[in-house]
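J.: Quick one: the structure is below, and I'll ask about it shortly.
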Amino acid sequence: MTRSQMPIKAQHYDVIVVGAGMVGAAFACLLARSNPALQIALLEAHQSGGFSKDKFDPRVAALTEKSRALLECCGVWEQIKAQRVSAYRAMHVWDAEGTGEIHFDCRDVQQSNLGHIVENSLVVESLLEQIEQLANINFICPATVNHYARSEAQVSLELDTGDVLSTALLVAADGGNSAIRQHFEFATREWDYGHSAIVTTVQSEAVHKQTAWQRFMPSGPLALLPLDREGDQHYCSLVWSQDSVEAERLMAMDDEDFCAELSRASENCIGKVIAVDKRFAIPLRQRHATDYISQRVALLGDAAHTIHPLAGQGVNLGFADVAALVETLSAQAKRGNDLGSLLTLSQYQRQRKPENLAVMAAMEGFKRLFGADNIALRLLRNIGLAKVNRLHPLKNKIIRQVMGLS
């Protein structure tokens, strides 16, 4: 009998985390490793599909150095690296409506790479294996919460099994459509982009050269992220954001026509696209909670904020949330303070909210700038890209910020 299948009895935890995706599992793991005295429950509604060595997961993350270091602190990076990680050494960005382009290279900032492409399923599987070894975490899966109740002293959760858990602090890591955020009536500011992101894995005629390729088009950005299978560099993860009508047209194509369309759209930067895995279309929505905290409840990752995937920053923002909340709770736990109080949680919000808002504003600005069909704006952005590409100190500063090194 695994720990995730153990019978549950009514009991109290210092912290309960709902959602065992990358962000929720990383938070539970890091908090437990940093604070062995804390008793933590991690709840997940669905069994993970698991990592497959034979096939790439269509869902990937482009990890910054800070995110990689966080996974190292969780004790899982070496395991992830041993199975499959794709480091990328360069990034090439160009405008479909002109000649503007910019090229980033890790050698310009004396680094071995710009980041790592990792498959979501591998990260989650590695974190859950680590969690199974930690005596102060109870991983409960499958676990469906039927009811939440909050008092001044605690939050209670009733599961569909009839079991009742309670905690001083409930952490919502249950994704963009967070049931916890909705139940506790957190206000949000949100809107639909009218776009969908087509995600899949493609095989190319030419090697990707350990380069992340991104082309900005009026209908949306196209990103090809390099994947490495035992030294074979003919695979990339595709994230192609298109307006909803165009996305439907692309999804309806057979594989051969889709590959031909993608080859044209990417201007054959990785040669012809010769094969494509199953495609998924994910509707895109911008969302930000007005507050990340209320009494005894904290929102983490996508439960607090979701952004356009054009720069692949979503999971990195989530991992930064993890680091900040663990740091806050660890400091307060050492002092014997109440982990679920607004006084404690406000420190986490003050640290994370300004940075998340700044990144979201920047991504929205990029989307609007490159989505504009105004001739003057097209000229300005192409001139701007060309100038930044020539200004090496500025370009290197951008690289270091993207990598999370400054």
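By convention in this document, the chains of the structure tokens carry letters A, B, ... by their order, each chain's residues are numbered from 1, and ligands are numbered from 1 in the order they are shown.
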Show me, as a list in words, the residues that have an atom within 6 Å of segment 171-183 of chain A when counting only C-alpha atoms, minus same-chain residues fewer than 3 positions from it.
T.: Val17, Val18, Gly19, Gly24, Phe186, Val297, Ala298, Leu299, Leu300, Asp302 and Ala303 of chain A
J.: Could you write those residues out with C-alpha atoms, as a short mmCIF file (atom, residue, chain, number, x, y, z; two decimals), in the first residue's frame?
T.:
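As a result, result.cif now contains:
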```
data_model
loop_
_atom_site.label_atom_id
_atom_site.label_comp_id
_atom_site.auth_asym_id
_atom_site.auth_seq_id
_atom_site.Cartn_x
_atom_site.Cartn_y
_atom_site.Cartn_z
CA VAL A 17 -1.68 22.15 -0.11
CA VAL A 18 -4.33 21.44 -2.73
CA GLY A 19 -2.91 20.67 -6.17
CA GLY A 24 2.11 22.69 -5.61
CA PHE A 186 -10.96 36.15 -4.16
CA VAL A 297 -5.65 30.94 2.71
CA ALA A 298 -2.87 31.69 0.20
CA LEU A 299 -2.92 31.44 -3.59
CA LEU A 300 0.13 30.07 -5.39
CA ASP A 302 -1.62 29.88 -11.64
CA ALA A 303 -4.25 30.07 -8.89
#
```
J.: Env of Ala168 of chain A: 6 Å cut, atoms = only C-alpha atoms, seq-sep filter 3 positions within chain, self excluded. Answer as an NGL selection string.
T.: :A and (14 or 154 or 340)
J.: Kindly save the residues from that selection, with C-alpha atoms included, as a compact mmCIF listing (two decimals), in the first residue's frame.
T.:
```txt
# COMPACT_ATOMS: atom_id res chain seq x y z
CA ASP A 14 0.18 22.83 9.91
CA GLN A 154 -8.40 27.01 11.10
CA GLY A 340 -2.14 31.34 8.58
```
J.: In Å, with one decimal, what is the gap from atom CA of Ala323 of chain A to atom CA of Leu70 of chain A?
T.: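 Value for the atom CA of Ala323 of chain A-atom CA of Leu70 of chain A distance: 7.4 Å.
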J.: Near Leu134 of chain A, within 9 Å and counting only C-alpha atoms, which residues show up once chain neighbours fewer than 2 positions away are dropped, as a PyMOL selection string?
T.: chain A and resi 29+32-33+36+130-132+136-138
J.: So that each row is one residue of segment 30-74 of chain A with an atom at most 10 Å from segment 82-91 of chain A, can you give its shortest atom pair and the distance in Å to one decimal, using only C-alpha atoms, rows by chain and rising number, as CSV?
T.:
```
residue,atom,partner,partner_atom,distance
A:Phe51,CA,A:Gln83,CA,9.7
A:Ser52,CA,A:Gln83,CA,9.9
A:Lys53,CA,A:Gln83,CA,7.8
A:Phe56,CA,A:Arg84,CA,9.6
A:Ala62,CA,A:Tyr88,CA,9.3
A:Leu63,CA,A:Ala87,CA,9.4
```
J.: Mind giving me the straight-line distance from atom CA of Leu165 of chain A to atom CA of Lys334 of chain A in Å, one decimal?
T.: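 Going from atom CA of Leu165 of chain A over to atom CA of Lys334 of chain A covers 23.9 Å.
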